[in-house]
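Here the structure comes first, spelled out in C-alpha cells, and everything after it is commentary.
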Amino acid sequence: MSVVELTNVTKVYQTGEVSVKALKGVSLQLEKQSFVSFIGPSGSGKSTLLNLIGVLDKPTEGTIRVNGTDVNTFDRAAAAAFRGKTIGFVFQNFNLIPVLTVYENVEYPLLMLDRLPSKERRDRVLRLLEKVGMTDQKEKYPNQISGGQKQRVAVARALVTNPQIVLADEPTANLDHVTAFKVINIMHEMTNELGTTFIFSTHDQKIVGEADVIYTLEDGAIVNTEHRKAG
Amino acid sequence: MRNVIVIALRNLFRNKRRTFLTSSLIAFGVILVVVFGGLAISFKSQMVGVLTNTAMGDLQIHGKGYVESIDNLPLNLTLSGAELAKVETLLKDMPDIAAYSPRIKFGAMISNYAQTSNVRLSAVYPEMENHTVPELVKRIKGHITHPDTFVRPGEILVPENLMKGLSLHTGDEIVLVATNKEGSVNATTLRIAAVTENVFGPSGKDGYIHMQDALALLRMDRPEIVEIAIHLQRFDKLSAVSSQLKKEAAASQPPFEVHTWEQLSPFASIARIVDLLIIVVKFILISIVLVSILNIMTMSVYERISEIGTIAAIGTPPRRILSLFLVEGFAMGLLSTVAGIVIGIGILWVMNVTKIEFTFGQMNVSLAPSIPAGELVWIAIIVMLVSLFAGFQPAYKASRMEPVNALGHV
C-alpha cells in the first residue's frame with residue numbers, strides 16, 4: 001500500500017511577473033516502511049517535493065494523497081493537525097528550540113499535540129533518546145551539543161509522535177561524513193524498527209547508497225528511479 | 001496551557017538584557033502611576049477632609065435660592081419653624097447621616113472701638129457643629145475647655161486675618177454690628193475666646209458665635225436657619241445621600257436645596273484637575289506599555305521566524321502559536337506590573353515614614369500617601385489588557401506565517 005501518492009503534481013512559484021516551475025507533472029508512489037532518497041542538483045525540486053509531501057505547501061496542479069488522505073483540501077489548522085499526527089520533520093539546520101533542553105525538545109511535539117499521560121510521555125521520550133544515543137545528554141541545551149548530536153535529537157523529535165512518515169531535507173548537509181553516516185544509520189534502523197517511512201533529500205552520493213529507493217530529479221521532473229532493495 | 005506558559009517564560013528570558021530593559025521601562029511607568037496616584041489621592045482626600053471636616057460638612061441644605069445669592073449672605077431665604085422641624089426630622093431618620101449642624105450665616109461689622117472691619121460669621125450650636133465638622137476645633141487657637149463648647153454665649157471666635165488686621169488679642173472685647181432681615185441695625189459686645197485659622201474655600205475665614213447671641217443680635221424670635229451642614233457616616237455614600245435628599249427637597253413644601261461640598265467649593269475644580277492628572281499619567285503608562293510590548297514582541301517574532309516555521313511544521317496549531325506569543329507579552333506585562341507595584345508601594349512607604357509636609361494656601365499639610373487596593377487592581381488590569389493588545393499583532397503575524405516560508409527564512 002502506498003503511503004504517499006503524487007499524481008501529476010506541478011508547483012509554480014510566482015514572484016512578481018516571473019513564474020518558476022519547480023515541479024513539472026510529478027507522479028510517484030512511495031511504499032510504507034521504505035527508506036527513500038531524492039537526489040538531484042540544487043534547484044531540481046527536491047525541497048519543493050518534500051514540502052508538498054509534508055503538507056507544508058500546496059501544489060499548483062495535481063493531487064497528493066498522504067496516508068490515504070487527500071491533503072490538498074486542508075486549511076492551515078487541519079494541515080497542522082495532520083502534520084502533527086502523521087509526519088515528522090528533520091531539518092538541515094536541526095532547528096532545535098534553543099530555550100529547551102534535549103529532553104524538552106524531543107518532548108515538545110507531544111506537549112503541543114497529544115494529551116498523553118506524563119509517564120507515557122516521559123517513557124516515550126527516554127526510549128527515543130536511548131535509541132539515538134542521547135540519554136546522557138538529555139539535560140543539555142542545543143548550544144551545548146555537537147551538530148551530529150543535534151541531528152540525532154532532531155531525529156528523535158521527528159519520531160516521538162509515532163509518525164507514518166519522516167521527511168528529512170538534506171539532513172546530513174551540515175555534518176561530516178562519519179557523523180552523517182551515523183545519523184543515516186539511525187534513521188534506517190528506525191525505519192526497520194518502528195515501521196516509519198523515511199524520505200530524505202541529499203547531494204551526498206555516499207549517503208544516497210543507503211536508500212532503498214532513489215529518485216533522481218532534474219529541472220522539476222523525476223528522471224530516474226532506482227530500487228536497491230525490495231520494499 | 002501550562003506548557004505554553006513555561007515555554008513563553010523561557011523565551012522571555014532568552015535575551016535577558018532586553019527583557020530587563022523593557023520590563024524596567026514598564027515597571028517605571030507603573031511606579032510613576034502608583035507614586036503619583038498615591039500622592040495625588042492623598043493630597044485630594046486630605047484637602048477634601050480639611051474642607052468637609054473643618055468648615056463645610058459633606059453636604060449642605062439651604063432655603064431655595066440661597067446659593068445663587070450666597071455672596072450676599074441673605075437672611076430672608078431661611079428655614080424656620082415647622083419646615084425646619086420637618087428637615088431636622090428627615091435628617092434624624094436617615095441612618096447614613098452621622099450629624100448635622102444648623103447655622104445662621106451673616107455679615108457684620110466688627111470693631112475694637114478704634115478700628116472697624118467686616119466679618120463673616122457663623123452662628124452655631126457648638127455641640128452640633130463639633131459633631132458635624134469634628135476637625136474645626138483643631139483650627140482653633142486658644143484655650144477650649146471642651147470641644148462641644150468651643151464657643152459659649154457672650155464669646156466670639158475671630159478669624160486669624162482679622163485678629164492681625166485689628167490688632168486684637170484673645171480676651172479682648174469687641175463690638176459686633178449687624179443688620180437683620182427687616183433692615184434694623186443692632187449691636188452686641190462679645191469677648192474674643194479664641195482665634196480660627198484661615199482655611200481656603202467658603203467658610204474658611206468665618207468667625208463663630210453662639211446661636212443664642214445671633215438670635216439676640218439679629219432680633220430673631222426663633223432660629224431662622226440659613227444653612228444646615230451635614231456629616232455622613234461614610235463619605236462614599238455622598239452621592240446616594242445627596243440624591244435621596246434632593247428627592248425629598250423637590251417634594252418638600254416650601255422646597256429646599258441640597259448641595260454637596262463639590263458644588264459649593266472652588267476646590268472641587270482643583271480636585272477634578274488632580275483626577276485629570278492621574279488620568280494623564282495613566283495614559284503615559286498605557287503608551288509606555290503599548291510601545292514597549294509591541295516593540296519587543298515584534299522584534300521577537302522577526303528574530304524567531306525560522307523557529308516559528310519549525311514549530312508550525314511539526315504540527316503546532318496556529319492558535320497555539322498565537323497563544324505562545326500572547327503569553328510572552330502578557331507575562332512581561334505581569335512581571336513588570338508586579339515589580340512596579342511592589343517598588344511603588346515601597347516608595348510610598350518611605351514617603352510615609354519620612355513625612356512629606358508642605359504649605360497649601362495658609363494650611364500646613366502633612367501628606368500620608370497611600371493608594372487604595374482597588375486602584376492597584378485597576379493599574380494591573382490596564383497593564384495586562386494593554387500587554388495583551390500590544391502583543392496581539394506580532395503574535396497574530398507569527399501564527400499566520402506559512403511554515404514553508406518561515407523555514408526558508410535566513
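The way I read the labels, and the way they are meant: chains A, B, ... in the order of the C-alpha cells, residue 1 as the first residue of every chain, and ligand 1 as the first ligand shown, with later ones counted on from there.
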Write down as a compact mmCIF listing (two decimals) with C-alpha atoms, in the first residue's frame the residues of segment 225-340 of chain B whose backbone DSSP state falls under alpha helix (DSSP H).
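The resulting file, part.txt, is reproduced below:
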```txt
# COMPACT_ATOMS: atom_id res chain seq x y z
CA LEU B 238 -22.20 61.16 49.46
CA SER B 239 -23.81 60.66 46.10
CA ALA B 240 -26.52 58.30 47.39
CA VAL B 241 -27.47 60.53 50.33
CA SER B 242 -27.38 63.62 48.15
CA SER B 243 -29.78 62.00 45.65
CA GLN B 244 -32.12 60.88 48.41
CA LEU B 245 -32.14 64.34 49.99
CA LYS B 246 -32.69 66.02 46.64
CA LYS B 247 -35.77 63.87 46.06
CA GLU B 248 -37.11 64.87 49.46
CA ALA B 249 -36.22 68.50 48.76
CA ALA B 250 -38.13 68.55 45.49
CA ALA B 251 -41.23 67.12 47.18
CA TRP B 261 -19.27 70.12 49.05
CA GLU B 262 -18.16 69.79 45.41
CA GLN B 263 -20.96 72.04 44.23
CA LEU B 264 -20.08 74.71 46.76
CA PHE B 267 -11.51 73.22 45.46
CA ALA B 268 -13.73 70.82 43.52
CA SER B 269 -12.11 72.22 40.35
CA ILE B 270 -8.65 71.51 41.77
CA ALA B 271 -9.82 68.02 42.70
CA ARG B 272 -11.01 67.49 39.14
CA ILE B 273 -7.64 68.69 37.82
CA VAL B 274 -5.92 66.21 40.15
CA ASP B 275 -8.17 63.45 38.77
CA LEU B 276 -7.33 64.58 35.25
CA LEU B 277 -3.61 64.49 36.01
CA ILE B 278 -3.97 60.92 37.31
CA ILE B 279 -5.70 60.00 34.05
CA VAL B 280 -2.90 61.68 32.04
CA VAL B 281 -0.29 59.70 33.98
CA LYS B 282 -2.27 56.52 33.30
CA PHE B 283 -2.26 57.36 29.60
CA ILE B 284 1.50 57.77 29.75
CA LEU B 285 1.68 54.33 31.37
CA ILE B 286 -0.53 52.83 28.68
CA SER B 287 1.66 54.38 25.98
CA ILE B 288 4.82 53.04 27.61
CA VAL B 289 3.38 49.53 27.90
CA LEU B 290 1.92 49.60 24.39
CA VAL B 291 5.10 50.73 22.68
CA SER B 292 7.39 48.54 24.81
CA ILE B 293 5.45 45.32 24.37
CA LEU B 294 4.72 45.96 20.70
CA ASN B 295 8.39 46.68 20.07
CA ILE B 296 9.82 43.71 21.94
CA MET B 297 7.27 41.24 20.60
CA THR B 298 7.73 42.44 17.02
CA MET B 299 11.49 42.02 17.40
CA SER B 300 10.96 38.64 18.98
CA VAL B 301 8.80 37.43 16.10
CA TYR B 302 11.25 38.68 13.46
CA GLU B 303 14.17 37.04 15.23
CA ILE B 305 10.81 33.30 12.09
CA SER B 306 12.69 30.10 11.40
CA GLU B 307 11.76 28.74 14.81
CA ILE B 308 8.12 29.62 14.20
CA GLY B 309 8.42 27.65 10.96
CA THR B 310 9.80 24.69 12.88
CA ILE B 311 7.07 24.58 15.49
CA ALA B 312 4.43 25.09 12.81
CA ALA B 313 5.97 22.34 10.68
CA PRO B 318 -1.78 28.34 14.60
CA ARG B 319 -3.90 29.13 17.66
CA ARG B 320 -1.25 27.70 19.93
CA ILE B 321 1.48 29.72 18.24
CA LEU B 322 -0.70 32.78 18.76
CA SER B 323 -1.15 31.98 22.43
CA LEU B 324 2.58 31.30 22.84
CA PHE B 325 3.46 34.84 21.77
CA LEU B 326 0.49 36.39 23.56
CA VAL B 327 1.55 34.74 26.80
CA GLU B 328 5.08 36.11 26.31
CA GLY B 329 3.79 39.67 26.04
CA PHE B 330 1.32 39.13 28.86
CA ALA B 331 3.96 37.60 31.12
CA MET B 332 6.25 40.57 30.54
CA GLY B 333 3.40 42.93 31.43
CA LEU B 334 2.56 40.88 34.52
CA LEU B 335 6.12 40.65 35.83
CA SER B 336 6.71 44.35 35.20
CA THR B 337 3.46 45.28 36.91
CA VAL B 338 4.21 43.21 39.99
CA ALA B 339 7.71 44.72 40.19
CA GLY B 340 6.35 48.23 39.61
```
Residues of chain B within 6 Å of chain A, counting only C-alpha atoms, what are they? List them as an MDAnalysis selection string.
chainID B and resid 314:317 404
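Summary of the local environment: counting only C-alpha atoms, residues at most 10 Å from Tyr13 of chain A, other than itself and those fewer than 2 positions away along its chain, are A:Lys11, A:Thr15, A:Gly16, A:Val18, A:Ser19, A:Val20, A:Lys21, A:Ala22, A:Leu23, A:Pro59, A:Thr60.
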Selection: 10 Å around Val208 of chain A, only C-alpha atoms, excl. self and same-chain fewer than 6 positions, as a list of chain:residue names
A:Val36, A:Ser37, A:Phe38, A:Ile39, A:Ile184, A:Phe200, A:Ser201, A:Thr202, A:Ile214, A:Tyr215
Measuring between only C-alpha atoms, which one of A:Leu49, A:Leu28, A:Val102, A:Val71 shows the shortest distance to Lys140 of chain A?
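Ranking A:Leu49, A:Leu28, A:Val102, A:Val71 by distance to Lys140 of chain A, first place goes to A:Val102.
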For Pro159 of chain B, which residue among B:Ser122, B:Asn53, B:Gln212, B:Asn198 is the nearest when counting only C-alpha atoms?
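Smallest separation from Pro159 of chain B among the options: B:Asn198.
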